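This report concerns only the one structure given below.
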Amino acid sequence: MTEFENEFTWGRAISQNTTDEFHEKFEKAVDDAKKEFGKKYPLIINGQEIYSDETFFVTSPSDSQITIGEFSKATISDTNDAISSAKNAFEIWSNTSYLKRAEIFRECADYFSSRKFFLTAIMTFENGKNRFEAMGDVDEAIDFMRFYAFQLEKNKGFYKQTSHPNPREKTQTIMKPYGVWGIIAPFNFPSAIAIGMTTGALITGNTAVLKPASTAPLSSFYFVNFLFSKIPNGAINFVTGSGSTLGKTLIESKDVDGIAFTGSREVGMQGFQEFTKTTTKPFISEMGGKNPAIVTKNADLDKASEGVMNAAFGFGGQKCSACSRVYVHNDVADQFISKIVEKTKKLRIGMPWQKDVFLGPVINNDAKIKFENAVNLAKQDGEILTGGIVLNSSELEKGYFVEPTIVTKLPEDHKLVKEELFLPFLCIQRYDTLDDAIKLANQTEYGLTAGIFSNDEKQLEEFFSKIQAGVVYANRFASATTAALVSSQPFVGWKNSGSTGKGAGGENYLQQFMRSQTQTRCD
Ligand SMILES: NC(=O)c1ccc[n+]([C@@H]2O[C@H](COP(=O)([O-])OP(=O)(O)OC[C@H]3O[C@@H](n4cnc5c(N)ncnc54)[C@H](O)[C@@H]3O)[C@@H](O)[C@H]2O)c1
Ligand SMILES: N[C@@H](CCC=O)C(=O)O
């Protein structure tokens, strides 16, 4: 059995002193990526590439004149064909040995690994991640494929002999796939999350229809394009187009046996309710966050300001794990504020494929408008400490660039403190006792990630014992609340952040795509 190891490309480049090589490979990959732009991409249904007459263009959020690709617009009928194909392929694929399935996904992971700089370069243009964040996304997809292959083998295909006190009863349990899964993916991790969910469904013997986000479908196209000829026709299908049409068709289909959804709370909850209205079929729903960090008076304020800034503004706050609220002890609040504001003002904003750029654009015009509205509300009800501007200099005017923004003095029940914005927008609130801070941190419908900065072990214990979130960190200056690693830090949301309590990239993830059968043979 092949042991699991994280890809961890940038981390290894640092530890092996090969960062120059990393950058050289990336620069070359940008040239290769540019050659791909503007091509036309098909749907993939029943092992066939289908080019629709109706198409839509995906442009870069950094520059609307860069066309990433022209994608086929699937109809409801195409989506139903994809579901039927997946249904027909189920018998043959579910009877393929688990060892073979694991081998195919390892092969796919190796292929991704060999092309990771190209895939990273594509993503910097496609959804606006900087090169480090984009490499992290591609690495995570590779990790998911290898980790799930490892889990499948370690658990012997989820088969287990059990014992019975009556020697005449020979017993065993086996986990079996459900059938057809609809996979509905978000724009912000177009490689990791789309591929992670789809791998979860397929490697366990289910078949799938993948619908990526319309703003970032290319990363997952490369995955399906590699995979579809290696598995039975129809086992994986790829449909692009409107979420409310195709996603809805998947959710409403009687032939879909499970849904893996990652996206907003609004769409996730609606889908969950619709899908489980009259049946007990599984709906795995990973949703949003309003993630807090707590800075105590015992914190190292340099580390705290660095960690909160990275968590709030990495990929423009467009991570479900982004830190959007920070509770700072009154005694150190002024110092903390001055440090984080100073650091934030120095962040380099620009084209995300450029070497020193920290912050690229937000994903689209809707996000830019949402930013403007949030800024207006913040001006009205609080105080903006830095940021608040849409950037439209001549270099940036063709994209959706906004300043990382820090706001304070908002009432605790203000919508900017309560609602997920998914923008580079951080609210700083003050507190007097740690107990109060933890209560405030927990006063949210979400429970995804959280962080604390303190050099007092007792305070850390109190935080870990009381905080209501699935992924929690202490003193993490690389990022207070984001950047979980597959296997080490299974990614799981509590409350309205997730429906299952099981973490992606953890030991309990794959079992959700199967149901257990207990078998007894009597002498
Ligand atoms: N918990 C997690 O692990 C996690 C990870 C990444 C992102 N997210 C969340 O995802 C959101 C951002 O992603 P997004 O903007 O792409 O989310 P979104 O909810 O707008 O879209 C997610 C997917 O649902 C599709 N969709 C839209 N309307 C639909 C409908 N009516 N029926 C079915 N499908 C529909 C979209 O096309 C897309 O593919 C944030 O809320 C973020 O917190 C959560
Ligand atoms: N798993 C990612 C977040 C995914 C959501 O957007 C992290 O840990 O930062």
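Chain labels follow the order of the structure tokens: the first chain is A, the next B, and so on; residue numbering restarts at 1 in every chain, and ligands are counted from 1 in their shown order.
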So which residues touch Tyr400 of chain A within 10 Å, counting only C-alpha atoms, skipping near sequence neighbours fewer than 6 positions away, as a PyMOL selection string?
chain A and resi 60-64+128+360-369+390-392
I need the residues from that last selection saved to file as a compact mmCIF listing (two decimals), in the first residue's frame (with N, CA and C atoms), if you can.
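New file selection38.txt:
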```txt
# COMPACT_ATOMS: atom_id res chain seq x y z
N SER A 60 -11.37 36.47 -17.46
CA SER A 60 -10.60 36.59 -16.22
C SER A 60 -11.15 37.72 -15.37
N PRO A 61 -11.31 37.49 -14.05
CA PRO A 61 -11.77 38.59 -13.18
C PRO A 61 -10.73 39.70 -13.08
N SER A 62 -9.49 39.42 -13.53
CA SER A 62 -8.44 40.45 -13.50
C SER A 62 -8.52 41.38 -14.70
N ASP A 63 -9.05 40.81 -15.81
CA ASP A 63 -9.07 41.59 -17.05
C ASP A 63 -10.12 40.97 -17.97
N SER A 64 -11.22 41.69 -18.13
CA SER A 64 -12.34 41.12 -18.88
C SER A 64 -11.99 40.90 -20.35
N GLY A 128 -8.42 34.27 -10.20
CA GLY A 128 -7.76 35.41 -9.58
C GLY A 128 -6.95 35.10 -8.33
N GLY A 360 -5.30 39.63 -5.68
CA GLY A 360 -5.86 39.83 -7.01
C GLY A 360 -7.26 40.41 -6.91
N PRO A 361 -8.08 40.16 -7.92
CA PRO A 361 -9.43 40.74 -7.95
C PRO A 361 -10.44 39.92 -7.14
N VAL A 362 -11.63 40.50 -6.93
CA VAL A 362 -12.76 39.67 -6.49
C VAL A 362 -13.36 39.03 -7.75
N ILE A 363 -14.23 38.06 -7.56
CA ILE A 363 -14.55 37.16 -8.67
C ILE A 363 -15.34 37.81 -9.81
N ASN A 364 -16.25 38.74 -9.49
CA ASN A 364 -17.05 39.30 -10.59
C ASN A 364 -17.66 40.65 -10.19
N ASN A 365 -18.44 41.18 -11.09
CA ASN A 365 -19.03 42.50 -10.85
C ASN A 365 -20.00 42.48 -9.66
N ASP A 366 -20.71 41.36 -9.48
CA ASP A 366 -21.63 41.27 -8.34
C ASP A 366 -20.85 41.42 -7.03
N ALA A 367 -19.68 40.78 -6.98
CA ALA A 367 -18.87 40.85 -5.76
C ALA A 367 -18.37 42.28 -5.56
N LYS A 368 -18.05 42.94 -6.65
CA LYS A 368 -17.58 44.34 -6.54
C LYS A 368 -18.71 45.23 -6.01
N ILE A 369 -19.91 45.00 -6.52
CA ILE A 369 -21.06 45.80 -6.04
C ILE A 369 -21.35 45.50 -4.56
N VAL A 390 -12.84 51.01 -4.48
CA VAL A 390 -12.74 50.17 -5.68
C VAL A 390 -11.60 50.74 -6.52
N LEU A 391 -10.68 49.86 -6.95
CA LEU A 391 -9.49 50.35 -7.64
C LEU A 391 -9.73 50.37 -9.15
N ASN A 392 -9.60 51.55 -9.74
CA ASN A 392 -9.82 51.60 -11.19
C ASN A 392 -8.77 52.44 -11.91
```
Enumerate the residues of segment 19-231 of chain A with a DSSP assignment of helix (DSSP H, G or I), computed from the backbone, and present them as a PyMOL selection string.
chain A and resi 19-36+76-94+98-114+116-126+131-154+192-203+218-230
Counting only C-alpha atoms, which of A:Ile183, A:Ile294, A:Ala89, A:Ala333 gets nearest to Asp436 of chain A?
A:Ile294
Each residue of chain A with at least one atom at most 9 Å from ligand 1 should appear once, together with its nearest atom pair and the corresponding distance in Å (one decimal); atoms considered: only C-alpha atoms and all ligand atoms; ordering: chain, then increasing residue number; output as CSV.
```
residue,atom,partner,partner_atom_place_in_ligand_line,distance
A:Ile183,CA,ligand 1,39 (O),8.5
A:Ile184,CA,ligand 1,39 (O),4.9
A:Ala185,CA,ligand 1,39 (O),4.5
A:Pro186,CA,ligand 1,16 (O),3.3
A:Phe187,CA,ligand 1,16 (O),4.3
A:Asn188,CA,ligand 1,13 (O),6.0
A:Phe189,CA,ligand 1,6 (C),6.3
A:Ile193,CA,ligand 1,5 (C),7.0
A:Lys211,CA,ligand 1,39 (O),6.0
A:Pro212,CA,ligand 1,39 (O),4.9
A:Ala213,CA,ligand 1,39 (O),3.6
A:Ser214,CA,ligand 1,37 (O),5.9
A:Thr215,CA,ligand 1,16 (O),8.1
A:Ala216,CA,ligand 1,16 (O),8.9
A:Thr240,CA,ligand 1,37 (O),8.7
A:Gly241,CA,ligand 1,37 (O),7.5
A:Ser242,CA,ligand 1,37 (O),5.9
A:Gly243,CA,ligand 1,37 (O),3.2
A:Ser244,CA,ligand 1,31 (N),3.7
A:Thr245,CA,ligand 1,30 (C),6.8
A:Leu246,CA,ligand 1,33 (C),6.8
A:Gly247,CA,ligand 1,33 (C),3.5
A:Lys248,CA,ligand 1,32 (N),4.2
A:Thr249,CA,ligand 1,33 (C),7.8
A:Leu250,CA,ligand 1,33 (C),7.6
A:Ile251,CA,ligand 1,33 (C),6.8
A:Phe261,CA,ligand 1,23 (C),7.1
A:Thr262,CA,ligand 1,44 (C),5.3
A:Gly263,CA,ligand 1,10 (O),3.0
A:Ser264,CA,ligand 1,41 (O),3.3
A:Arg265,CA,ligand 1,41 (O),5.9
A:Glu266,CA,ligand 1,19 (O),6.7
A:Val267,CA,ligand 1,19 (O),4.8
A:Gly268,CA,ligand 1,19 (O),6.5
A:Gln270,CA,ligand 1,31 (N),7.6
A:Gly271,CA,ligand 1,32 (N),6.2
A:Ser285,CA,ligand 1,1 (N),7.7
A:Glu286,CA,ligand 1,1 (N),3.9
A:Met287,CA,ligand 1,1 (N),4.0
A:Gly288,CA,ligand 1,43 (O),3.1
A:Gly289,CA,ligand 1,43 (O),5.3
A:Lys290,CA,ligand 1,43 (O),8.3
A:Gln318,CA,ligand 1,12 (C),7.2
A:Lys319,CA,ligand 1,43 (O),6.0
A:Cys320,CA,ligand 1,43 (O),3.3
A:Ser321,CA,ligand 1,43 (O),7.0
A:Ala322,CA,ligand 1,43 (O),8.4
A:Ile363,CA,ligand 1,15 (O),8.8
A:Glu420,CA,ligand 1,41 (O),6.9
A:Leu421,CA,ligand 1,41 (O),8.2
A:Phe422,CA,ligand 1,40 (C),6.5
A:Leu448,CA,ligand 1,1 (N),6.9
A:Phe491,CA,ligand 1,3 (O),6.7
A:Val492,CA,ligand 1,3 (O),6.8
A:Gly493,CA,ligand 1,1 (N),6.0
A:Ser497,CA,ligand 1,1 (N),5.7
A:Gly498,CA,ligand 1,1 (N),6.2
A:Gly503,CA,ligand 1,3 (O),8.8
A:Ala504,CA,ligand 1,3 (O),7.8
```
Could those residues be written to a file, using C-alpha atoms, as a compact mmCIF listing (two decimals), in the first residue's frame?
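File written: selection.txt
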```txt
# COMPACT_ATOMS: atom_id res chain seq x y z
CA ILE A 183 -21.54 17.18 -7.58
CA ILE A 184 -22.12 20.93 -7.33
CA ALA A 185 -18.94 22.94 -6.83
CA PRO A 186 -18.04 26.55 -5.92
CA PHE A 187 -15.77 28.98 -7.78
CA ASN A 188 -13.24 29.55 -5.04
CA PHE A 189 -11.46 26.16 -5.00
CA ILE A 193 -13.15 21.13 -3.96
CA LYS A 211 -21.36 20.77 -12.37
CA PRO A 212 -18.58 23.27 -11.70
CA ALA A 213 -19.13 26.96 -10.95
CA SER A 214 -19.77 28.93 -14.14
CA THR A 215 -17.07 31.47 -13.29
CA ALA A 216 -14.33 28.81 -12.97
CA THR A 240 -21.48 23.46 -17.55
CA GLY A 241 -24.07 26.23 -17.43
CA SER A 242 -26.47 27.96 -15.10
CA GLY A 243 -26.42 26.76 -11.49
CA SER A 244 -30.07 27.46 -10.96
CA THR A 245 -30.98 25.34 -14.00
CA LEU A 246 -28.47 22.47 -13.98
CA GLY A 247 -27.94 22.30 -10.21
CA LYS A 248 -31.70 22.34 -9.73
CA THR A 249 -32.13 19.54 -12.31
CA LEU A 250 -29.63 17.39 -10.41
CA ILE A 251 -31.28 18.10 -7.08
CA PHE A 261 -22.61 20.38 -2.65
CA THR A 262 -20.16 23.07 -1.62
CA GLY A 263 -21.24 26.68 -1.82
CA SER A 264 -23.26 29.33 -0.06
CA ARG A 265 -25.60 28.67 2.84
CA GLU A 266 -28.53 30.03 0.88
CA VAL A 267 -28.16 27.64 -2.08
CA GLY A 268 -27.00 24.73 0.10
CA GLN A 270 -32.43 25.26 -0.23
CA GLY A 271 -30.94 22.25 -2.05
CA SER A 285 -23.58 20.24 2.16
CA GLU A 286 -20.46 22.28 2.91
CA MET A 287 -21.40 25.93 3.29
CA GLY A 288 -20.22 29.36 4.41
CA GLY A 289 -18.55 30.86 7.44
CA LYS A 290 -18.20 34.05 9.45
CA GLN A 318 -13.09 34.55 -0.80
CA LYS A 319 -12.52 31.43 1.28
CA CYS A 320 -15.15 29.83 3.45
CA SER A 321 -12.39 29.76 6.08
CA ALA A 322 -11.50 33.47 5.78
CA ILE A 363 -14.55 37.16 -8.67
CA GLU A 420 -20.78 36.16 5.25
CA LEU A 421 -19.56 38.73 2.71
CA PHE A 422 -16.89 36.67 0.94
CA LEU A 448 -16.48 26.62 10.28
CA PHE A 491 -12.00 20.32 6.97
CA VAL A 492 -15.43 20.31 8.60
CA GLY A 493 -18.14 22.84 9.35
CA SER A 497 -21.46 25.68 7.84
CA GLY A 498 -21.95 22.00 7.11
CA GLY A 503 -14.24 16.48 7.43
CA ALA A 504 -13.08 16.54 3.80
```
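Using only C-alpha atoms and all ligand atoms, the nearest neighbour of ligand 2 within the list A:Met351, A:Leu218, A:Ala134, A:Ile452 is A:Ala134.
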Would you mind telling me which residue in A:Asn225, A:Thr67, A:Ser163, A:Ser114 lies nearest to Lys25 of chain A when using only C-alpha atoms?
A:Ser114
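You will find atom CA of Ile284 of chain A at 7.9 Å from atom CA of Gly258 of chain A.
For the pair atom CA of Gln468 of chain A and atom CA of Glu507 of chain A, the separation is 21.1 Å.
With only C-alpha atoms as the atoms that count, the residue of A:Ile174, A:Ile104, A:Leu347, A:Val328 with the shortest distance to Ala437 of chain A is A:Val328.
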Residues near Ala480 of chain A, anyone? I mean within 8 Å using only C-alpha atoms, not counting same-chain ones fewer than 6 positions away, as a VMD selection string.
chain A and resid 293 304 307 to 308 310 to 311 323 450 to 452 473 to 474
Print the selection's residues with N, CA and C atoms to a file, as a compact mmCIF listing (two decimals), in the first residue's frame.
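Output contents, as saved in again-v3.txt:
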```
# COMPACT_ATOMS: atom_id res chain seq x y z
N ALA A 293 -11.46 35.45 14.89
CA ALA A 293 -10.19 35.22 15.57
C ALA A 293 -10.25 36.04 16.85
N ALA A 304 -0.07 37.96 15.72
CA ALA A 304 -1.53 38.04 15.63
C ALA A 304 -1.95 38.90 14.43
N GLY A 307 -1.17 36.98 11.22
CA GLY A 307 -2.06 35.82 11.03
C GLY A 307 -3.47 36.24 10.64
N VAL A 308 -3.98 37.29 11.29
CA VAL A 308 -5.34 37.75 10.98
C VAL A 308 -5.36 38.37 9.59
N ASN A 310 -3.42 37.73 7.00
CA ASN A 310 -3.35 36.69 5.96
C ASN A 310 -4.68 35.95 5.83
N ALA A 311 -5.32 35.68 6.97
CA ALA A 311 -6.58 34.92 6.94
C ALA A 311 -7.72 35.77 6.38
N CYS A 323 -11.00 34.79 7.75
CA CYS A 323 -11.33 35.47 9.00
C CYS A 323 -12.04 36.77 8.65
N ALA A 450 -11.96 28.95 13.31
CA ALA A 450 -11.75 30.01 14.30
C ALA A 450 -10.29 29.98 14.73
N GLY A 451 -9.81 31.12 15.24
CA GLY A 451 -8.42 31.17 15.68
C GLY A 451 -8.28 31.97 16.96
N ILE A 452 -7.17 31.72 17.66
CA ILE A 452 -6.86 32.52 18.85
C ILE A 452 -5.37 32.83 18.86
N TYR A 473 -7.60 26.94 15.33
CA TYR A 473 -6.15 27.11 15.33
C TYR A 473 -5.72 28.05 16.45
N ALA A 474 -4.53 27.79 17.01
CA ALA A 474 -3.96 28.71 18.00
C ALA A 474 -2.62 29.23 17.52
```
